[in-house]
$ cat protein.txt   # compact mmCIF, C-alpha atoms
# COMPACT_ATOMS: atom_id res chain seq x y z
CA MET A 1 -24.74 18.84 -80.65
CA SER A 2 -25.60 18.52 -77.00
CA LYS A 3 -23.08 19.58 -74.43
CA GLY A 4 -21.68 17.08 -71.91
CA PRO A 5 -21.79 17.57 -68.14
CA PRO A 6 -19.76 20.51 -66.90
CA ASN A 7 -16.31 19.72 -65.55
CA LYS A 8 -15.99 19.42 -61.77
CA PRO A 9 -14.30 22.58 -60.48
CA LEU A 10 -10.77 22.12 -59.21
CA GLU A 11 -9.95 22.41 -55.51
CA PRO A 12 -9.06 25.96 -54.50
CA GLY A 13 -5.44 26.70 -55.13
CA LEU A 14 -5.00 23.82 -57.59
CA ALA A 15 -6.49 25.38 -60.75
CA ASP A 16 -3.18 26.83 -61.87
CA VAL A 17 -1.07 23.83 -60.83
CA LYS A 18 0.24 21.58 -63.53
CA PRO A 19 -1.70 18.31 -63.74
CA GLY A 20 1.34 16.24 -62.73
CA LEU A 21 1.70 18.13 -59.45
CA ARG A 22 -1.95 18.25 -58.46
CA GLY A 23 -1.87 14.81 -56.73
CA HIS A 24 1.13 15.83 -54.66
CA ALA A 25 -0.54 19.09 -53.61
CA ARG A 26 -3.69 17.24 -52.61
CA ALA A 27 -1.63 14.82 -50.50
CA GLU A 28 0.09 17.67 -48.71
CA ALA A 29 -3.24 19.36 -48.02
CA ARG A 30 -4.66 16.17 -46.59
CA LEU A 31 -1.53 15.68 -44.50
CA ARG A 32 -1.86 19.17 -43.03
CA GLU A 33 -5.53 18.48 -42.30
CA SER A 34 -4.62 15.17 -40.67
CA ASP A 35 -1.96 16.87 -38.53
CA GLU A 36 -4.48 19.45 -37.36
CA THR A 37 -7.02 16.71 -36.53
CA LEU A 38 -4.40 14.78 -34.59
CA ARG A 39 -3.35 17.90 -32.72
CA GLY A 40 -6.96 18.63 -31.84
CA PHE A 41 -7.43 15.05 -30.61
CA ALA A 42 -4.34 15.30 -28.44
CA GLU A 43 -5.35 18.67 -27.01
CA ALA A 44 -8.82 17.35 -26.08
CA ALA A 45 -7.67 14.00 -24.62
CA SER A 46 -8.21 13.37 -20.91
CA ASP A 47 -4.94 11.42 -20.76
CA VAL A 48 -1.50 12.99 -21.01
CA LEU A 49 0.28 12.54 -24.33
CA TRP A 50 3.99 13.26 -24.08
CA ALA A 51 7.19 13.10 -26.07
CA ARG A 52 10.82 13.28 -24.89
CA ASN A 53 14.10 13.73 -26.67
CA ALA A 54 15.70 10.31 -26.46
CA ASP A 55 19.19 11.75 -25.90
CA THR A 56 18.42 14.36 -23.22
CA LEU A 57 15.19 12.82 -21.90
CA GLN A 58 13.73 16.32 -21.81
CA TRP A 59 10.03 16.72 -22.49
CA GLU A 60 9.36 18.47 -25.79
CA TYR A 61 5.62 17.95 -25.91
CA LEU A 62 2.85 17.71 -23.34
CA THR A 63 -0.91 17.86 -23.80
CA PRO A 64 -3.21 20.05 -21.65
CA ALA A 65 -4.41 17.10 -19.53
CA PHE A 66 -1.04 17.29 -17.77
CA ASP A 67 -2.14 20.30 -15.69
CA ALA A 68 -5.14 18.53 -14.14
CA ILE A 69 -3.47 15.17 -13.57
CA TYR A 70 -0.12 16.37 -12.24
CA GLY A 71 -1.33 19.50 -10.46
CA MET A 72 1.31 21.59 -12.24
CA SER A 73 1.19 23.80 -15.31
CA ARG A 74 2.79 22.62 -18.52
CA GLN A 75 4.82 25.80 -18.69
CA LYS A 76 6.44 25.05 -15.35
CA ALA A 77 6.84 21.35 -16.16
CA LEU A 78 8.65 22.10 -19.43
CA ALA A 79 11.02 24.66 -17.93
CA GLY A 80 14.64 23.90 -17.04
CA ASP A 81 15.69 20.29 -16.51
CA ASN A 82 12.18 18.97 -16.83
CA PHE A 83 13.21 15.31 -16.56
CA ALA A 84 14.60 16.00 -13.07
CA THR A 85 11.42 17.93 -12.26
CA TRP A 86 9.32 14.93 -13.29
CA ILE A 87 11.40 12.47 -11.27
CA ASP A 88 11.02 14.70 -8.21
CA LEU A 89 7.23 14.40 -8.51
CA ILE A 90 7.41 10.60 -8.30
CA VAL A 91 7.33 9.14 -4.80
CA PRO A 92 10.85 7.93 -3.83
CA GLU A 93 9.83 4.25 -3.59
CA ASP A 94 8.79 4.21 -7.28
CA ARG A 95 11.65 6.16 -8.86
CA GLU A 96 14.05 3.29 -9.51
CA HIS A 97 11.31 1.29 -11.25
CA VAL A 98 10.34 4.26 -13.43
CA LEU A 99 13.95 4.97 -14.44
CA GLY A 100 14.35 1.35 -15.47
CA GLN A 101 11.25 1.50 -17.67
CA ILE A 102 12.38 4.74 -19.34
CA ALA A 103 15.73 3.09 -20.09
CA ARG A 104 13.92 0.17 -21.76
CA ILE A 105 11.96 2.51 -24.03
CA ARG A 106 15.13 4.44 -24.81
CA ASP A 107 16.68 1.14 -25.91
CA GLY A 108 13.85 0.54 -28.37
CA GLU A 109 11.30 -1.45 -26.33
CA ARG A 110 7.72 -0.69 -25.47
CA ALA A 111 6.85 -0.55 -21.78
CA THR A 112 3.76 -0.03 -19.64
CA PHE A 113 4.39 0.83 -16.01
CA GLN A 114 2.62 2.23 -12.97
CA TYR A 115 3.87 4.68 -10.40
CA ARG A 116 2.74 7.27 -7.87
CA ILE A 117 3.24 11.01 -7.89
CA CYS A 118 2.74 13.66 -5.23
CA ARG A 119 0.88 16.55 -6.81
CA PRO A 120 2.41 19.94 -5.93
CA ALA A 121 -1.01 21.62 -6.02
CA ASP A 122 -2.49 19.69 -3.09
CA ASN A 123 0.12 17.08 -2.00
CA GLU A 124 -2.32 14.36 -3.04
CA ILE A 125 -0.88 11.00 -4.03
CA ARG A 126 -2.07 9.89 -7.46
CA TRP A 127 -1.53 6.59 -9.28
CA LEU A 128 -0.51 6.86 -12.94
CA ARG A 129 -0.06 4.34 -15.72
CA ASP A 130 2.25 5.22 -18.61
CA SER A 131 2.36 3.34 -21.91
CA GLY A 132 5.63 4.35 -23.55
CA PHE A 133 7.10 3.58 -26.97
CA PRO A 134 10.20 4.49 -29.02
CA MET A 135 10.01 6.80 -32.06
CA ARG A 136 12.77 6.24 -34.59
CA ASP A 137 14.29 8.55 -37.22
CA GLU A 138 14.89 7.63 -40.87
CA ALA A 139 18.10 5.84 -39.91
CA GLY A 140 16.28 3.64 -37.41
CA LYS A 141 17.76 5.32 -34.35
CA VAL A 142 15.46 6.08 -31.41
CA ALA A 143 15.15 9.85 -31.65
CA TYR A 144 12.19 10.38 -29.33
CA ILE A 145 10.28 8.42 -26.76
CA GLY A 146 6.58 9.02 -26.50
CA GLY A 147 3.79 7.81 -24.32
CA VAL A 148 0.29 8.12 -22.93
CA GLY A 149 -0.14 8.78 -19.21
CA GLN A 150 -3.41 7.85 -17.51
CA ASP A 151 -4.64 8.66 -14.00
CA ILE A 152 -5.66 5.29 -12.49
CA THR A 153 -6.12 6.45 -8.89
CA ARG A 154 -9.81 5.50 -8.70
CA GLN A 155 -9.11 2.11 -10.20
CA LYS A 156 -6.35 1.49 -7.65
CA GLN A 157 -8.61 2.57 -4.81
CA ALA A 158 -11.32 0.20 -6.05
CA GLU A 159 -8.78 -2.65 -6.24
CA GLU A 160 -7.53 -1.93 -2.72
CA GLN A 161 -11.09 -1.83 -1.41
CA GLN A 162 -11.86 -5.13 -3.12
CA GLN A 163 -8.73 -6.69 -1.65
CA ALA A 164 -9.67 -5.41 1.80
CA HIS A 165 -13.16 -6.89 1.46
CA PHE A 166 -11.68 -10.20 0.31
CA ALA A 167 -9.26 -10.26 3.25
CA GLU A 168 -12.15 -9.46 5.61
CA LEU A 169 -14.20 -12.28 4.08
CA GLN A 170 -11.32 -14.72 4.49
CA HIS A 171 -10.92 -13.65 8.12
CA HIS A 172 -14.64 -14.10 8.73
CA ILE A 173 -14.64 -17.54 7.12
CA ARG A 174 -11.68 -18.65 9.26
CA ASN A 175 -13.44 -17.39 12.37
CA THR A 176 -16.68 -19.12 11.37
CA LEU A 177 -14.94 -22.45 10.83
CA ALA A 178 -13.10 -22.05 14.15
CA VAL A 179 -16.40 -21.48 15.96
CA ILE A 180 -18.02 -24.49 14.31
CA ARG A 181 -15.03 -26.70 15.16
CA SER A 182 -15.22 -25.51 18.76
CA ILE A 183 -18.96 -26.18 18.94
CA VAL A 184 -18.54 -29.68 17.50
CA ARG A 185 -15.59 -30.57 19.70
CA ARG A 186 -17.05 -29.30 22.96
CA THR A 187 -20.49 -30.76 22.22
CA MET A 188 -18.96 -34.19 21.64
CA GLU A 189 -16.85 -33.92 24.78
CA LYS A 190 -19.81 -32.89 26.96
CA SER A 191 -22.36 -35.36 25.60
CA GLU A 192 -22.95 -38.83 27.04
CA SER A 193 -24.22 -40.37 23.80
CA LEU A 194 -24.18 -39.82 20.07
CA ASP A 195 -27.92 -39.16 20.05
CA GLU A 196 -27.54 -36.46 22.68
CA ALA A 197 -24.57 -34.97 20.83
CA ALA A 198 -26.47 -34.93 17.54
CA ALA A 199 -29.49 -33.21 19.12
CA HIS A 200 -27.40 -30.52 20.79
CA LEU A 201 -25.13 -30.07 17.80
CA GLU A 202 -27.98 -29.42 15.38
CA GLY A 203 -29.52 -26.77 17.62
CA ARG A 204 -26.23 -24.98 18.24
CA ILE A 205 -25.19 -24.89 14.61
CA ASN A 206 -28.67 -23.69 13.65
CA ALA A 207 -28.39 -20.89 16.22
CA PHE A 208 -24.99 -19.93 14.88
CA ALA A 209 -26.34 -20.06 11.31
CA ARG A 210 -29.18 -17.68 12.17
CA VAL A 211 -26.70 -15.04 13.26
CA GLN A 212 -24.54 -15.69 10.20
CA ALA A 213 -27.57 -15.25 7.95
CA ALA A 214 -28.26 -11.84 9.48
CA ILE A 215 -24.60 -10.86 9.05
CA THR A 216 -24.56 -12.05 5.44
CA ARG A 217 -27.72 -10.12 4.56
CA ARG A 218 -26.23 -6.88 5.87
CA PRO A 219 -22.47 -7.41 6.36
CA SER A 220 -21.70 -3.76 7.09
CA ILE A 221 -24.51 -3.30 9.62
CA GLU A 222 -24.45 -4.43 13.24
CA ILE A 223 -27.04 -6.96 14.44
CA ASN A 224 -29.90 -5.94 16.74
CA LEU A 225 -29.94 -7.72 20.11
CA ALA A 226 -33.74 -7.86 20.17
CA LEU A 227 -33.71 -9.75 16.86
CA ILE A 228 -31.32 -12.36 18.24
CA VAL A 229 -33.42 -12.86 21.39
CA ALA A 230 -36.69 -13.14 19.44
CA GLU A 231 -35.32 -15.60 16.87
CA GLU A 232 -33.80 -17.92 19.48
CA LEU A 233 -37.00 -17.98 21.52
CA ARG A 234 -39.07 -18.54 18.40
CA ALA A 235 -36.84 -21.49 17.49
CA ALA A 236 -37.42 -22.91 20.99
CA GLY A 237 -41.20 -22.48 20.69
CA GLY A 238 -41.49 -19.38 22.86
CA ARG A 239 -43.84 -16.54 21.90
CA GLU A 240 -43.92 -13.12 23.49
CA GLY A 241 -47.11 -12.80 25.54
CA ASP A 242 -48.44 -13.43 29.03
CA ASN A 243 -45.66 -15.87 29.93
CA LEU A 244 -42.83 -14.18 28.04
CA THR A 245 -41.69 -10.55 28.10
CA ILE A 246 -38.79 -8.99 26.24
CA GLU A 247 -37.76 -5.45 27.14
CA GLY A 248 -34.73 -3.36 26.36
CA PRO A 249 -33.54 -0.33 24.44
CA PRO A 250 -32.41 -0.64 20.81
CA LEU A 251 -28.91 -2.05 20.84
CA THR A 252 -26.82 -3.32 17.96
CA LEU A 253 -23.97 -5.81 18.27
CA ALA A 254 -20.88 -6.17 16.16
CA PRO A 255 -20.81 -9.52 14.25
CA LYS A 256 -18.43 -11.29 16.65
CA ALA A 257 -20.43 -10.21 19.71
CA ALA A 258 -23.66 -11.24 17.97
CA GLU A 259 -22.27 -14.75 17.44
CA THR A 260 -21.34 -15.13 21.11
CA MET A 261 -24.56 -13.64 22.48
CA GLY A 262 -26.59 -15.72 20.02
CA LEU A 263 -25.04 -18.95 21.29
CA ALA A 264 -25.58 -17.90 24.92
CA ILE A 265 -29.26 -17.05 24.36
CA HIS A 266 -29.71 -20.32 22.45
CA GLU A 267 -28.40 -22.26 25.45
CA LEU A 268 -30.73 -20.40 27.82
CA ALA A 269 -33.72 -21.06 25.54
CA THR A 270 -32.80 -24.72 25.09
CA ASN A 271 -32.43 -25.20 28.86
CA ALA A 272 -35.83 -23.52 29.42
CA LEU A 273 -37.41 -25.80 26.84
CA LYS A 274 -35.98 -28.99 28.38
CA TYR A 275 -35.99 -28.22 32.09
CA GLY A 276 -37.51 -24.81 32.81
CA ALA A 277 -40.21 -22.32 31.98
CA LEU A 278 -40.77 -23.48 28.39
CA ALA A 279 -41.03 -27.18 29.26
CA SER A 280 -44.41 -28.72 28.44
CA SER A 281 -44.87 -29.82 32.05
CA ASN A 282 -44.59 -26.25 33.38
CA ARG A 283 -47.92 -24.57 32.56
CA THR A 284 -47.28 -21.63 34.90
CA GLY A 285 -43.69 -20.98 33.92
CA ARG A 286 -42.69 -17.58 32.55
CA ILE A 287 -39.55 -15.84 31.32
CA ASP A 288 -38.75 -12.16 31.74
CA ILE A 289 -35.88 -10.96 29.58
CA GLU A 290 -34.52 -7.48 30.06
CA TRP A 291 -31.41 -5.54 29.14
CA ARG A 292 -30.38 -2.03 30.04
CA LEU A 293 -27.41 0.23 29.62
CA GLU A 294 -25.50 1.25 32.72
CA GLU A 295 -22.75 3.74 31.87
CA ASP A 296 -20.26 1.60 29.94
CA LEU A 297 -22.01 -1.75 30.55
CA LEU A 298 -24.81 -3.78 29.05
CA ARG A 299 -26.69 -5.63 31.78
CA PHE A 300 -28.59 -8.58 30.35
CA VAL A 301 -31.03 -10.44 32.62
CA TRP A 302 -32.85 -13.72 31.91
CA ALA A 303 -35.24 -14.57 34.76
CA GLU A 304 -37.45 -17.68 34.86
CA SER A 305 -40.25 -18.07 37.38
CA GLY A 306 -43.34 -20.16 38.06
CA VAL A 307 -41.53 -23.42 37.42
CA ASP A 308 -43.31 -26.06 39.52
CA ASP A 309 -40.56 -28.62 39.46
CA LEU A 310 -37.19 -27.24 38.34
CA LYS A 311 -35.12 -30.05 36.89
CA GLN A 312 -31.54 -29.02 37.46
CA THR A 313 -29.06 -31.22 35.68
CA GLU A 314 -26.00 -32.22 37.67
CA ARG A 315 -23.82 -32.33 34.60
CA ARG A 316 -22.11 -29.09 33.48
CA GLY A 317 -22.46 -29.38 29.73
CA PHE A 318 -21.36 -27.19 26.86
CA GLY A 319 -24.36 -24.90 27.37
CA PHE A 320 -23.19 -23.89 30.83
CA GLU A 321 -19.68 -23.55 29.49
CA VAL A 322 -20.90 -20.98 26.97
CA LEU A 323 -22.66 -19.03 29.72
CA GLU A 324 -20.00 -19.26 32.41
CA ARG A 325 -16.77 -19.33 30.40
CA THR A 326 -17.24 -18.24 26.78
CA LEU A 327 -19.03 -14.96 27.54
CA PRO A 328 -16.31 -13.84 29.99
CA TYR A 329 -13.52 -15.00 27.66
CA GLU A 330 -14.88 -13.54 24.42
CA LEU A 331 -16.62 -10.41 25.68
CA GLY A 332 -15.05 -9.73 29.06
CA ALA A 333 -18.45 -10.26 30.69
CA THR A 334 -19.14 -10.80 34.36
CA VAL A 335 -21.81 -13.47 34.70
CA GLU A 336 -24.00 -14.91 37.43
CA LEU A 337 -25.93 -18.16 36.97
CA ARG A 338 -28.32 -19.10 39.77
CA PHE A 339 -30.91 -21.87 40.11
CA ALA A 340 -33.74 -20.53 42.24
CA PRO A 341 -36.50 -22.92 43.37
CA SER A 342 -38.88 -21.40 40.84
CA GLY A 343 -36.52 -21.21 37.88
CA LEU A 344 -33.13 -20.30 36.43
CA ASN A 345 -31.81 -16.75 36.69
CA PHE A 346 -28.94 -15.50 34.59
CA THR A 347 -27.26 -12.09 34.54
CA ALA A 348 -24.40 -10.88 32.33
CA ALA A 349 -22.67 -7.51 32.61
CA VAL A 350 -20.90 -6.93 29.29
CA PRO A 351 -18.59 -3.98 28.51
CA LEU A 352 -20.15 -1.93 25.70
CA ARG A 353 -16.79 -1.55 23.97
CA ALA A 354 -16.68 -5.33 23.56
CA ILE A 355 -20.05 -5.73 21.90
CA ARG A 356 -19.91 -2.65 19.69
CA ALA A 357 -16.38 -2.84 18.33
CA ILE A 358 -15.17 -6.39 18.90
CA SER A 359 -13.29 -7.85 15.96
CA GLY A 360 -11.10 -10.46 17.59
CA LYS A 361 -10.97 -14.15 16.86
CA MET A 362 -12.77 -17.01 18.52

$ encode --input "protein.txt" --output "structure tokens"
Amino acid sequence: MSKGPPNKPLEPGLADVKPGLRGHARAEARLRESDETLRGFAEAASDVLWARNADTLQWEYLTPAFDAIYGMSRQKALAGDNFATWIDLIVPEDREHVLGQIARIRDGERATFQYRICRPADNEIRWLRDSGFPMRDEAGKVAYIGGVGQDITRQKQAEEQQQAHFAELQHHIRNTLAVIRSIVRRTMEKSESLDEAAAHLEGRINAFARVQAAITRRPSIEINLALIVAEELRAAGGREGDNLTIEGPPLTLAPKAAETMGLAIHELATNALKYGALASSNRTGRIDIEWRLEEDLLRFVWAESGVDDLKQTERRGFGFEVLERTLPYELGATVELRFAPSGLNFTAAVPLRAIRAISGKM
């Protein structure tokens, strides 16, 4: 008679146990194994797992992550009245909120709350988020309160940075709308007809939009003055060459200063196109644009020459207002506007502190 398959050997330690008790022994072994796995998980976690006695509120268990997050050893944290020690680590403004959340958990609720601590190791302020829960005994009474503490400092810093960027964007949008309203209002007031207003308005808003486009492409970088000058002249049909020179050292402008200078240069280019060196009737006209740094000033010079028949308008429109009033008001500039027989000459002395760090409103 053939033999059947050999019996599967019993687990170590269970061979001599009565069959009725073997299942119980296996369950206990698995439970011990599960406890060891859970302990290993807790010891390796990057968050702090903690447990307090619900009556005394004293910590009875802390995982190793506590040392790195709190900047204090577990041994020191667990010594003496450790609840008072923990409260002392929390910044004073957050203590009342934390005590209220601990009371909720003690009463049988779950609670997730955020607070700041000052680490003893380096006096650094850290943001923490605790998710706490009650642990009840067999009678249903809350015997312990446990929780998971997570360091959310980087997340908070990212949120604050995002909020700051959003506030900056809102401020920029408000300023942009204010500038556009001002351009529209003053253009309408200074124009003699709707056709004239429409022509001027389109050019001015386009000039403002060119600066805004440069700011939007690189919002954290200042705008180069040479770029503003070149783009406004290009829009007016001017090309650097025999009748147009542009010279000046590299100089970047803060966004607000770039807006104001862009509008001023647009008005100079538009005037040259209609009445001066860029007009089609002036074949010998030329423009020399130069800027230089003089101690704490930017000196910007726009000089037209070779204009056979300078057509000086008697009306002081919005363009002259930008040159003679807006530049001094917005940038603290000292300006000189002179109509020589051979062309318009304009000089602006602008404090460097105004164009490099201006952040005021229009």

$ atom_distance --input "protein.txt" --atom1 "atom CA of Val307 of chain A" --atom2 "atom CA of Tyr275 of chain A"
9.1 Å

$ axis_aligned_box --input "protein.txt" --around "segment 94-100 of chain A" --padding-each-side "5 Å" --output "JSON"
{"center_x": 11.6, "center_y": 3.7, "center_z": -11.4, "size_x": 15.6, "size_y": 14.9, "size_z": 18.2}

$ residues_near_point --input "protein.txt" --point "(16.0, 5.9, -23.1)" --cutoff "9 Å" --atoms "all atoms listed in the file" --output "number ranges by chain"
A: 53-57, 99, 101-108, 134, 142, 144-145

$ closest_residue --input "protein.txt" --among "A:Gly238, A:Ser191, A:Thr176, A:Leu337" --to "Thr260 of chain A" --atoms "only C-alpha atoms"
A:Thr176

$ closest_atom_pairs --input "protein.txt" --of "segment 94-197 of chain A" --to "segment 81-87 of chain A" --cutoff "9 Å" --atoms "only C-alpha atoms" --output "tab-separated table"
residue	atom	partner	partner_atom	distance
A:Arg95	CA	A:Ile87	CA	6.8
A:Val98	CA	A:Ile87	CA	8.6
A:Leu99	CA	A:Ile87	CA	8.5
A:Ile117	CA	A:Ile87	CA	9.0

$ closest_residue --input "protein.txt" --among "A:Asp94, A:Val179, A:Trp50, A:Asp195" --to "Arg74 of chain A" --atoms "only C-alpha atoms"
A:Trp50

$ residues_around --input "protein.txt" --residues "Gln212 of chain A" --least-positions-apart "6" --cutoff "12 Å" --atoms "all atoms listed in the file" --output "list in words"
His172, Ile173, Asn175, Thr176, Leu177, Val179, Ile180, Ile205, Asn206, Arg218, Pro219, Glu222, Ile223, Ile228, Ala254, Pro255, Lys256, Ala257, Ala258, Glu259, Thr260, Gly262 and Leu263 of chain A

$ atom_distance --input "protein.txt" --atom1 "atom CA of Gly71 of chain A" --atom2 "atom CA of Pro120 of chain A"
5.9 Å

$ residues_around --input "protein.txt" --residues "Gly203 of chain A" --least-positions-apart "5" --cutoff "12 Å" --atoms "only C-alpha atoms" --output "list of chain:residue names"
A:Ile183, A:Val184, A:Thr187, A:Glu196, A:Ala197, A:Ala198, A:Phe208, A:Ala209, A:Arg210, A:Glu232, A:Ala235, A:Ala236, A:Gly262, A:Leu263, A:Ile265, A:His266, A:Glu267, A:Ala269, A:Thr270, A:Asn271, A:Gly319

$ write_last_selection --input "protein.txt" --atoms "C-alpha atoms" --output "compact mmCIF listing (two decimals), in the coordinates of the input"
# COMPACT_ATOMS: atom_id res chain seq x y z
CA ILE A 183 -18.96 -26.18 18.94
CA VAL A 184 -18.54 -29.68 17.50
CA THR A 187 -20.49 -30.76 22.22
CA GLU A 196 -27.54 -36.46 22.68
CA ALA A 197 -24.57 -34.97 20.83
CA ALA A 198 -26.47 -34.93 17.54
CA PHE A 208 -24.99 -19.93 14.88
CA ALA A 209 -26.34 -20.06 11.31
CA ARG A 210 -29.18 -17.68 12.17
CA GLU A 232 -33.80 -17.92 19.48
CA ALA A 235 -36.84 -21.49 17.49
CA ALA A 236 -37.42 -22.91 20.99
CA GLY A 262 -26.59 -15.72 20.02
CA LEU A 263 -25.04 -18.95 21.29
CA ILE A 265 -29.26 -17.05 24.36
CA HIS A 266 -29.71 -20.32 22.45
CA GLU A 267 -28.40 -22.26 25.45
CA ALA A 269 -33.72 -21.06 25.54
CA THR A 270 -32.80 -24.72 25.09
CA ASN A 271 -32.43 -25.20 28.86
CA GLY A 319 -24.36 -24.90 27.37

$ atom_distance --input "protein.txt" --atom1 "atom CA of Gln114 of chain A" --atom2 "atom CA of Ile152 of chain A"
8.8 Å

$ residues_around --input "protein.txt" --residues "segment 293-303 of chain A" --least-positions-apart "3" --cutoff "7 Å" --atoms "all atoms listed in the file" --output "PDB file with C-alpha atoms, in the coordinates of the input"
ATOM      1  CA  ILE A 287     -39.550 -15.840  31.320  1.00  0.00           C
ATOM      2  CA  ASP A 288     -38.750 -12.160  31.740  1.00  0.00           C
ATOM      3  CA  ILE A 289     -35.880 -10.960  29.580  1.00  0.00           C
ATOM      4  CA  GLU A 290     -34.520  -7.480  30.060  1.00  0.00           C
ATOM      5  CA  LEU A 344     -33.130 -20.300  36.430  1.00  0.00           C
ATOM      6  CA  ASN A 345     -31.810 -16.750  36.690  1.00  0.00           C
ATOM      7  CA  PHE A 346     -28.940 -15.500  34.590  1.00  0.00           C
ATOM      8  CA  THR A 347     -27.260 -12.090  34.540  1.00  0.00           C
ATOM      9  CA  ALA A 348     -24.400 -10.880  32.330  1.00  0.00           C
ATOM     10  CA  ALA A 349     -22.670  -7.510  32.610  1.00  0.00           C
ATOM     11  CA  VAL A 350     -20.900  -6.930  29.290  1.00  0.00           C
ATOM     12  CA  PRO A 351     -18.590  -3.980  28.510  1.00  0.00           C
ATOM     13  CA  LEU A 352     -20.150  -1.930  25.700  1.00  0.00           C
TER      14      LEU A 352
END

$ residues_near_point --input "protein.txt" --point "(-2.2, 19.7, -17.2)" --cutoff "10 Å" --atoms "only C-alpha atoms" --output "VMD selection string"
chain A and resid 46 to 48 62 to 75 77

$ closest_residue --input "protein.txt" --among "A:Gly276, A:Asp130, A:Thr216, A:Phe318" --to "Glu189 of chain A" --atoms "only C-alpha atoms"
A:Phe318

$ closest_residue --input "protein.txt" --among "A:Tyr115, A:Phe320, A:Phe339, A:Trp291" --to "Thr245 of chain A" --atoms "all atoms listed in the file"
A:Trp291

$ decode --input "protein.txt" --residues "segment 101-142 of chain A" --atoms "C-alpha atoms" --output "PDB file, in the first residue's frame"
ATOM      1  CA  GLN A 101      -7.860  71.012  21.373  1.00  0.00           C
ATOM      2  CA  ILE A 102      -6.286  68.712  23.967  1.00  0.00           C
ATOM      3  CA  ALA A 103      -9.393  69.149  26.126  1.00  0.00           C
ATOM      4  CA  ARG A 104     -11.587  68.107  23.184  1.00  0.00           C
ATOM      5  CA  ILE A 105      -9.594  64.912  22.660  1.00  0.00           C
ATOM      6  CA  ARG A 106      -9.688  64.221  26.390  1.00  0.00           C
ATOM      7  CA  ASP A 107     -13.491  64.476  26.190  1.00  0.00           C
ATOM      8  CA  GLY A 108     -13.605  61.809  23.490  1.00  0.00           C
ATOM      9  CA  GLU A 109     -13.392  63.816  20.239  1.00  0.00           C
ATOM     10  CA  ARG A 110     -10.874  63.696  17.441  1.00  0.00           C
ATOM     11  CA  ALA A 111      -9.063  66.932  16.649  1.00  0.00           C
ATOM     12  CA  THR A 112      -6.510  68.172  14.133  1.00  0.00           C
ATOM     13  CA  PHE A 113      -4.794  71.432  15.002  1.00  0.00           C
ATOM     14  CA  GLN A 114      -1.779  73.520  14.037  1.00  0.00           C
ATOM     15  CA  TYR A 115       0.600  75.434  16.244  1.00  0.00           C
ATOM     16  CA  ARG A 116       4.127  76.807  16.430  1.00  0.00           C
ATOM     17  CA  ILE A 117       6.978  75.765  18.667  1.00  0.00           C
ATOM     18  CA  CYS A 118      10.326  77.367  19.429  1.00  0.00           C
ATOM     19  CA  ARG A 119      12.975  74.665  19.241  1.00  0.00           C
ATOM     20  CA  PRO A 120      15.403  74.778  22.192  1.00  0.00           C
ATOM     21  CA  ALA A 121      18.265  73.526  20.016  1.00  0.00           C
ATOM     22  CA  ASP A 122      18.369  76.552  17.697  1.00  0.00           C
ATOM     23  CA  ASN A 123      15.453  78.861  18.703  1.00  0.00           C
ATOM     24  CA  GLU A 124      13.917  78.221  15.281  1.00  0.00           C
ATOM     25  CA  ILE A 125      10.161  78.582  14.947  1.00  0.00           C
ATOM     26  CA  ARG A 126       8.553  75.473  13.469  1.00  0.00           C
ATOM     27  CA  TRP A 127       4.955  74.858  12.405  1.00  0.00           C
ATOM     28  CA  LEU A 128       3.432  71.551  13.530  1.00  0.00           C
ATOM     29  CA  ARG A 129       0.165  69.798  12.787  1.00  0.00           C
ATOM     30  CA  ASP A 130      -1.154  67.282  15.316  1.00  0.00           C
ATOM     31  CA  SER A 131      -3.915  64.781  14.599  1.00  0.00           C
ATOM     32  CA  GLY A 132      -5.120  63.580  17.996  1.00  0.00           C
ATOM     33  CA  PHE A 133      -7.618  60.901  19.005  1.00  0.00           C
ATOM     34  CA  PRO A 134      -8.961  59.317  22.216  1.00  0.00           C
ATOM     35  CA  MET A 135      -8.058  55.746  23.249  1.00  0.00           C
ATOM     36  CA  ARG A 136     -10.629  54.084  25.466  1.00  0.00           C
ATOM     37  CA  ASP A 137     -10.339  51.236  27.989  1.00  0.00           C
ATOM     38  CA  GLU A 138     -12.651  48.218  28.176  1.00  0.00           C
ATOM     39  CA  ALA A 139     -15.202  50.266  30.095  1.00  0.00           C
ATOM     40  CA  GLY A 140     -15.332  52.907  27.369  1.00  0.00           C
ATOM     41  CA  LYS A 141     -13.514  55.552  29.383  1.00  0.00           C
ATOM     42  CA  VAL A 142     -10.820  57.632  27.656  1.00  0.00           C
TER      43      VAL A 142
END
